[in-house]
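Trainee: Next comes the structure file query-v2.pdb, holding PDB, C-alpha atoms and all ligand atoms.
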```pdb
ATOM      1  CA  MET A   4     -62.973 138.709  82.650
ATOM      2  CA  CYS A   5     -59.984 138.959  80.424
ATOM      3  CA  ALA A   6     -56.850 136.871  80.836
ATOM      4  CA  ASP A   7     -54.535 139.447  79.296
ATOM      5  CA  LYS A   8     -54.495 142.512  81.527
ATOM      6  CA  ASN A   9     -52.123 144.460  79.327
ATOM      7  CA  HIS A  10     -54.374 144.810  76.331
ATOM      8  CA  ASP A  11     -55.468 148.255  75.185
ATOM      9  CA  LYS A  12     -58.895 149.602  76.032
ATOM     10  CA  PRO A  13     -61.012 149.266  72.881
ATOM     11  CA  ASN A  14     -61.973 152.601  71.368
ATOM     12  CA  VAL A  15     -65.530 153.656  72.219
ATOM     13  CA  PHE A  16     -66.356 154.953  68.728
ATOM     14  CA  LYS A  17     -64.983 151.870  67.030
ATOM     15  CA  SER A  18     -66.882 149.577  69.385
ATOM     16  CA  VAL A  19     -70.148 151.484  68.821
ATOM     17  CA  PHE A  20     -69.520 151.539  65.066
ATOM     18  CA  THR A  21     -69.079 147.760  65.057
ATOM     19  CA  ASN A  22     -72.028 147.108  67.470
ATOM     20  CA  LYS A  23     -70.038 145.823  70.405
ATOM     21  CA  CYS A  24     -71.184 145.362  74.027
ATOM     22  CA  ALA A  25     -70.722 148.535  76.081
ATOM     23  CA  ARG A  26     -69.339 146.630  79.101
ATOM     24  CA  CYS A  27     -66.392 144.885  77.416
ATOM     25  CA  ARG A  28     -66.411 146.560  73.968
ATOM     26  CA  ARG A  29     -65.493 143.166  72.483
ATOM     27  CA  GLY A  30     -68.562 140.958  72.269
ATOM     28  CA  SER A  31     -71.092 141.570  69.521
ATOM     29  CA  ILE A  32     -74.599 142.465  70.751
ATOM     30  CA  PHE A  33     -76.228 141.258  67.531
ATOM     31  CA  LEU A  34     -76.379 137.666  66.362
ATOM     32  CA  SER A  35     -76.079 138.571  62.690
ATOM     33  CA  LYS A  36     -73.068 140.506  61.450
ATOM     34  CA  ASN A  37     -74.947 141.730  58.385
ATOM     35  CA  PRO A  38     -77.425 144.599  59.006
ATOM     36  CA  TYR A  39     -79.122 143.862  55.661
ATOM     37  CA  ASP A  40     -80.010 140.322  56.715
ATOM     38  CA  LEU A  41     -83.403 141.873  57.471
ATOM     39  CA  LYS A  42     -84.961 138.796  59.048
ATOM     40  CA  ASN A  43     -82.224 138.446  61.665
ATOM     41  CA  CYS A  44     -80.533 141.834  61.842
ATOM     42  CA  MET A  45     -82.209 142.905  65.108
ATOM     43  CA  LYS A  46     -81.840 139.572  66.934
ATOM     44  CA  MET A  47     -79.697 139.917  70.035
ATOM     45  CA  PRO A  48     -78.174 137.274  72.287
ATOM     46  CA  GLU A  49     -79.443 137.160  75.879
ATOM     47  CA  LYS A  50     -75.946 137.862  77.174
ATOM     48  CA  CYS A  51     -72.752 139.264  75.708
ATOM     49  CA  PRO A  52     -70.717 136.285  74.418
ATOM     50  CA  VAL A  53     -67.492 137.768  75.842
ATOM     51  CA  CYS A  54     -68.308 139.213  79.295
ATOM     52  CA  GLY A  55     -71.813 137.910  80.102
ATOM     53  CA  GLN A  56     -73.423 141.344  80.389
ATOM     54  CA  GLN A  57     -77.200 141.117  79.954
ATOM     55  CA  VAL A  58     -77.780 142.614  76.494
ATOM     56  CA  GLU A  59     -81.367 143.678  77.188
ATOM     57  CA  VAL A  60     -80.423 145.370  80.454
ATOM     58  CA  GLU A  61     -84.018 145.525  81.650
ATOM     59  CA  VAL A  62     -87.404 144.814  80.135
ATOM     60  CA  GLY A  63     -88.171 147.373  77.452
ATOM     61  CA  PHE A  64     -84.647 148.738  77.670
ATOM     62  CA  TYR A  65     -84.450 149.532  73.977
ATOM     63  CA  TYR A  66     -87.679 151.548  73.744
ATOM     64  CA  GLY A  67     -85.620 154.700  74.251
ATOM     65  CA  THR A  68     -83.575 154.082  71.114
ATOM     66  CA  GLY A  69     -86.135 156.104  69.148
ATOM     67  CA  TYR A  70     -84.500 159.265  70.471
ATOM     68  CA  VAL A  71     -81.062 158.115  69.320
ATOM     69  CA  SER A  72     -82.398 157.004  65.962
ATOM     70  CA  TYR A  73     -84.114 160.383  65.509
ATOM     71  CA  ALA A  74     -80.906 162.273  66.288
ATOM     72  CA  LEU A  75     -78.904 160.087  63.891
ATOM     73  CA  SER A  76     -81.499 160.572  61.136
ATOM     74  CA  ILE A  77     -81.480 164.364  61.569
ATOM     75  CA  ALA A  78     -77.662 164.358  61.436
ATOM     76  CA  ILE A  79     -77.775 162.388  58.175
ATOM     77  CA  CYS A  80     -80.420 164.744  56.717
ATOM     78  CA  VAL A  81     -78.283 167.780  57.557
ATOM     79  CA  ALA A  82     -75.144 166.121  56.143
ATOM     80  CA  SER A  83     -76.891 165.114  52.920
ATOM     81  CA  LEU A  84     -78.453 168.598  52.589
ATOM     82  CA  ILE A  85     -75.037 170.241  52.927
ATOM     83  CA  ALA A  86     -73.439 167.731  50.527
ATOM     84  CA  TRP A  87     -76.237 168.279  47.970
ATOM     85  CA  TRP A  88     -75.910 172.045  48.356
ATOM     86  CA  LEU A  89     -72.122 171.946  47.844
ATOM     87  CA  PHE A  90     -71.918 169.412  45.007
ATOM     88  CA  ILE A  91     -75.210 169.871  43.138
ATOM     89  CA  GLY A  92     -76.656 173.101  44.445
ATOM     90  CA  PHE A  93     -80.124 174.426  45.130
ATOM     91  CA  SER A  94     -81.999 176.907  43.033
ATOM     92  CA  ILE A  95     -85.449 178.467  43.303
ATOM     93  CA  TYR A  96     -85.769 178.159  39.507
ATOM     94  CA  ASP A  97     -85.776 174.361  39.325
ATOM     95  CA  ASN A  98     -86.922 171.306  41.299
ATOM     96  CA  SER A  99     -83.577 170.631  42.958
ATOM     97  CA  ILE A 100     -85.048 170.744  46.478
ATOM     98  CA  TYR A 101     -87.546 167.985  45.524
ATOM     99  CA  TRP A 102     -84.792 165.866  44.010
ATOM    100  CA  TRP A 103     -82.888 166.210  47.282
ATOM    101  CA  LEU A 104     -86.016 165.307  49.301
ATOM    102  CA  GLY A 105     -86.453 162.131  47.241
ATOM    103  CA  PHE A 106     -82.778 161.271  47.446
ATOM    104  CA  ASN A 107     -82.721 161.881  51.190
ATOM    105  CA  GLY A 108     -85.799 159.710  51.740
ATOM    106  CA  ILE A 109     -84.226 156.810  49.854
ATOM    107  CA  LEU A 110     -80.931 157.335  51.697
ATOM    108  CA  LEU A 111     -82.656 157.207  55.116
ATOM    109  CA  LEU A 112     -84.705 154.149  54.177
ATOM    110  CA  SER A 113     -81.678 152.267  52.899
ATOM    111  CA  LEU A 114     -79.653 153.127  56.014
ATOM    112  CA  GLN A 115     -82.464 152.178  58.399
ATOM    113  CA  PRO A 116     -81.150 148.719  59.429
ATOM    114  CA  VAL A 117     -77.709 150.173  60.174
ATOM    115  CA  LEU A 118     -79.219 153.106  62.098
ATOM    116  CA  MET A 119     -81.449 150.853  64.202
ATOM    117  CA  ARG A 120     -78.464 148.755  65.237
ATOM    118  CA  TRP A 121     -76.305 151.793  65.985
ATOM    119  CA  SER A 122     -79.142 153.303  68.014
ATOM    120  CA  ARG A 123     -79.268 150.248  70.254
ATOM    121  CA  THR A 124     -75.488 150.159  70.622
ATOM    122  CA  ILE A 125     -75.349 153.878  71.478
ATOM    123  CA  TRP A 126     -78.277 153.507  73.885
ATOM    124  CA  MET A 127     -76.509 150.646  75.663
ATOM    125  CA  ALA A 128     -73.300 152.727  75.818
ATOM    126  CA  PHE A 129     -75.269 155.509  77.569
ATOM    127  CA  PHE A 130     -76.236 153.258  80.447
ATOM    128  CA  VAL A 131     -73.594 150.541  80.693
ATOM    129  CA  ARG A 132     -70.141 151.597  81.831
ATOM    130  CA  TYR A 133     -67.005 150.078  80.313
ATOM    131  CA  ASP A 134     -65.268 147.734  82.758
ATOM    132  CA  GLU A 135     -62.749 145.200  81.544
ATOM    133  CA  ASP A 136     -62.796 143.314  84.854
ATOM    134  CA  TRP A 137     -66.554 143.253  85.221
ATOM    135  CA  HIS A 138     -68.041 140.002  86.458
ATOM    136  CA  GLN A 139     -71.674 139.260  86.495
ATOM    137  CA  PRO A 140     -72.844 138.661  90.074
ATOM    138  CA  PRO A 141     -73.808 134.995  90.516
ATOM    139  CA  GLN A 142     -77.513 134.220  90.952
ATOM    140  CA  SER A 143     -78.504 137.535  89.505
ATOM    141  CA  THR A 144     -79.451 138.477  86.015
ATOM    142  CA  GLY A 145     -79.695 142.113  87.003
ATOM    143  CA  ARG A 146     -83.231 142.155  85.670
ATOM    144  CA  VAL A 147     -86.168 143.152  87.800
ATOM    145  CA  ASN A 148     -88.644 140.796  86.170
ATOM    146  CA  ALA A 149     -86.375 137.758  86.737
ATOM    147  CA  THR A 150     -86.351 138.465  90.485
ATOM    148  CA  PHE A 151     -90.080 138.955  90.382
ATOM    149  CA  LYS A 152     -90.589 135.696  88.518
ATOM    150  CA  ASN A 153     -88.518 133.798  91.104
ATOM    151  CA  ALA A 154     -90.538 135.292  93.926
ATOM    152  CA  ILE A 155     -93.827 133.907  92.605
TER     153      ILE A 155
HETATM  154 ZN    ZN B 201     -69.489 142.252  76.826
END
```
For the structure just supplied, provide its representation as structure tokens.
Mentor:
Amino acid sequence: MCADKNHDKPNVFKSVFTNKCARCRRGSIFLSKNPYDLKNCMKMPEKCPVCGQQVEVEVGFYYGTGYVSYALSIAICVASLIAWWLFIGFSIYDNSIYWWLGFNGILLLSLQPVLMRWSRTIWMAFFVRYDEDWHQPPQSTGRVNATFKNAI
């Protein structure tokens, strides 16, 4: 749905990093740009503002993001453990492991809003294929419950 056909394909990592729609990699899938606007940071539009892709692809679509969030959290724990080990060091003769545990807990908590948003973006990128010429079929939201609701 883009007028300029000669534009470059947006980079997948950059579009995930900036929480863009997986279909067009241009529209934001969150209403608030700031992840630390805690009241609004998880609010999503119904459709991508650029291509019209349904953001919640089906009912309960984002339940699976727990797996992504878990993997991201483990990656951050491992990275912070290695960084602590290299720059501060661990010893069995002091409490350095407990200091790291405390630091890591605070780090994970403070990154939580960012991680939750990335998890949703990554989850959407798993299931929605990039297509710059994608058009939403008319009369269809692509959601099972909408069809069901119309049938009643
Ligand atoms: Zn889009």
Trainee: Write as a VMD selection string the residues around ligand ZN 201 (chain B), taking 12 Å as the cut-off and counting only C-alpha atoms and all ligand atoms.
Mentor: chain A and resid 4 to 5 13 18 22 to 33 48 to 60 124 127 to 128 131 to 139
Trainee: So which residues get picked by the PyMOL selection byres (((chain A and resi 70-74) around 10) and not hetatm) here, written as number ranges by chain?
Mentor: A: 66-69, 75-80, 115, 118-126
Trainee: Quote the spacing between atom CA of Ile85 of chain A and atom CA of Phe106 of chain A in Å to one decimal place.
Mentor: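 Atom CA of Ile85 of chain A sits 13.1 Å away from atom CA of Phe106 of chain A.
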Trainee: Please indicate the distance in Å from atom CA of Ile109 of chain A to atom CA of Leu34 of chain A, rounded to one decimal place.
Mentor: 26.5 Å
Trainee: Using all atoms listed in the file, find the one residue out of A:Phe20, A:Lys12, A:Pro38, A:Ala82 that sits nearest to Leu114 of chain A.
Mentor: A:Pro38
Trainee: To one decimal in Å, tell me the separation between atom CA of Gly108 of chain A and atom CA of Phe93 of chain A.
Mentor: 17.1 Å
Trainee: Considering all atoms listed in the file, can you say which of A:Val117, A:Leu89, A:Gly63, A:Phe130 comes closest to Asn37 of chain A?
Mentor: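 Going through A:Val117, A:Leu89, A:Gly63, A:Phe130 one by one, the smallest distance to Asn37 of chain A is for A:Val117.
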Trainee: Around all listed atoms of segment 101-116 of chain A, padded 3 Å per side, what centre and edge lengths does the axis-aligned box have in Å to one decimal, as lines of an AutoDock Vina configuration file?
Mentor:
```
center_x = -83.6
center_y = 158.4
center_z = 51.7
size_x = 13.9
size_y = 25.3
size_z = 21.4
```
Trainee: Can segment 100-118 of chain A be brought up to N, CA and C atoms and written out as a short mmCIF file (atom, residue, chain, number, x, y, z; two decimals), keeping the file's coordinate frame?
Mentor:
```cif
data_model
loop_
_atom_site.label_atom_id
_atom_site.label_comp_id
_atom_site.auth_asym_id
_atom_site.auth_seq_id
_atom_site.Cartn_x
_atom_site.Cartn_y
_atom_site.Cartn_z
N ILE A 100 -84.70 171.06 45.08
CA ILE A 100 -85.05 170.74 46.48
C ILE A 100 -85.87 169.45 46.55
N TYR A 101 -86.73 169.21 45.53
CA TYR A 101 -87.55 167.98 45.52
C TYR A 101 -86.70 166.76 45.20
N TRP A 102 -85.72 166.97 44.30
CA TRP A 102 -84.79 165.87 44.01
C TRP A 102 -84.02 165.48 45.27
N TRP A 103 -83.60 166.51 46.03
CA TRP A 103 -82.89 166.21 47.28
C TRP A 103 -83.80 165.49 48.27
N LEU A 104 -85.07 165.95 48.37
CA LEU A 104 -86.02 165.31 49.30
C LEU A 104 -86.18 163.82 48.97
N GLY A 105 -86.32 163.52 47.68
CA GLY A 105 -86.45 162.13 47.24
C GLY A 105 -85.20 161.33 47.54
N PHE A 106 -84.05 161.94 47.19
CA PHE A 106 -82.78 161.27 47.45
C PHE A 106 -82.59 161.00 48.94
N ASN A 107 -82.91 162.01 49.75
CA ASN A 107 -82.72 161.88 51.19
C ASN A 107 -83.64 160.81 51.78
N GLY A 108 -84.87 160.74 51.27
CA GLY A 108 -85.80 159.71 51.74
C GLY A 108 -85.27 158.31 51.45
N ILE A 109 -84.77 158.12 50.23
CA ILE A 109 -84.23 156.81 49.85
C ILE A 109 -82.98 156.49 50.68
N LEU A 110 -82.15 157.52 50.89
CA LEU A 110 -80.93 157.34 51.70
C LEU A 110 -81.29 156.87 53.11
N LEU A 111 -82.27 157.56 53.75
CA LEU A 111 -82.66 157.21 55.12
C LEU A 111 -83.25 155.80 55.18
N LEU A 112 -84.09 155.48 54.19
CA LEU A 112 -84.70 154.15 54.18
C LEU A 112 -83.63 153.07 54.04
N SER A 113 -82.68 153.31 53.14
CA SER A 113 -81.68 152.27 52.90
C SER A 113 -80.70 152.14 54.07
N LEU A 114 -80.55 153.20 54.86
CA LEU A 114 -79.65 153.13 56.01
C LEU A 114 -80.36 152.65 57.28
N GLN A 115 -81.68 152.47 57.21
CA GLN A 115 -82.46 152.18 58.40
C GLN A 115 -81.95 150.99 59.23
N PRO A 116 -81.64 149.84 58.60
CA PRO A 116 -81.15 148.72 59.43
C PRO A 116 -79.87 149.06 60.18
N VAL A 117 -78.97 149.78 59.53
CA VAL A 117 -77.71 150.17 60.17
C VAL A 117 -78.00 151.14 61.32
N LEU A 118 -78.90 152.11 61.08
CA LEU A 118 -79.22 153.11 62.10
C LEU A 118 -79.89 152.48 63.32
#
```
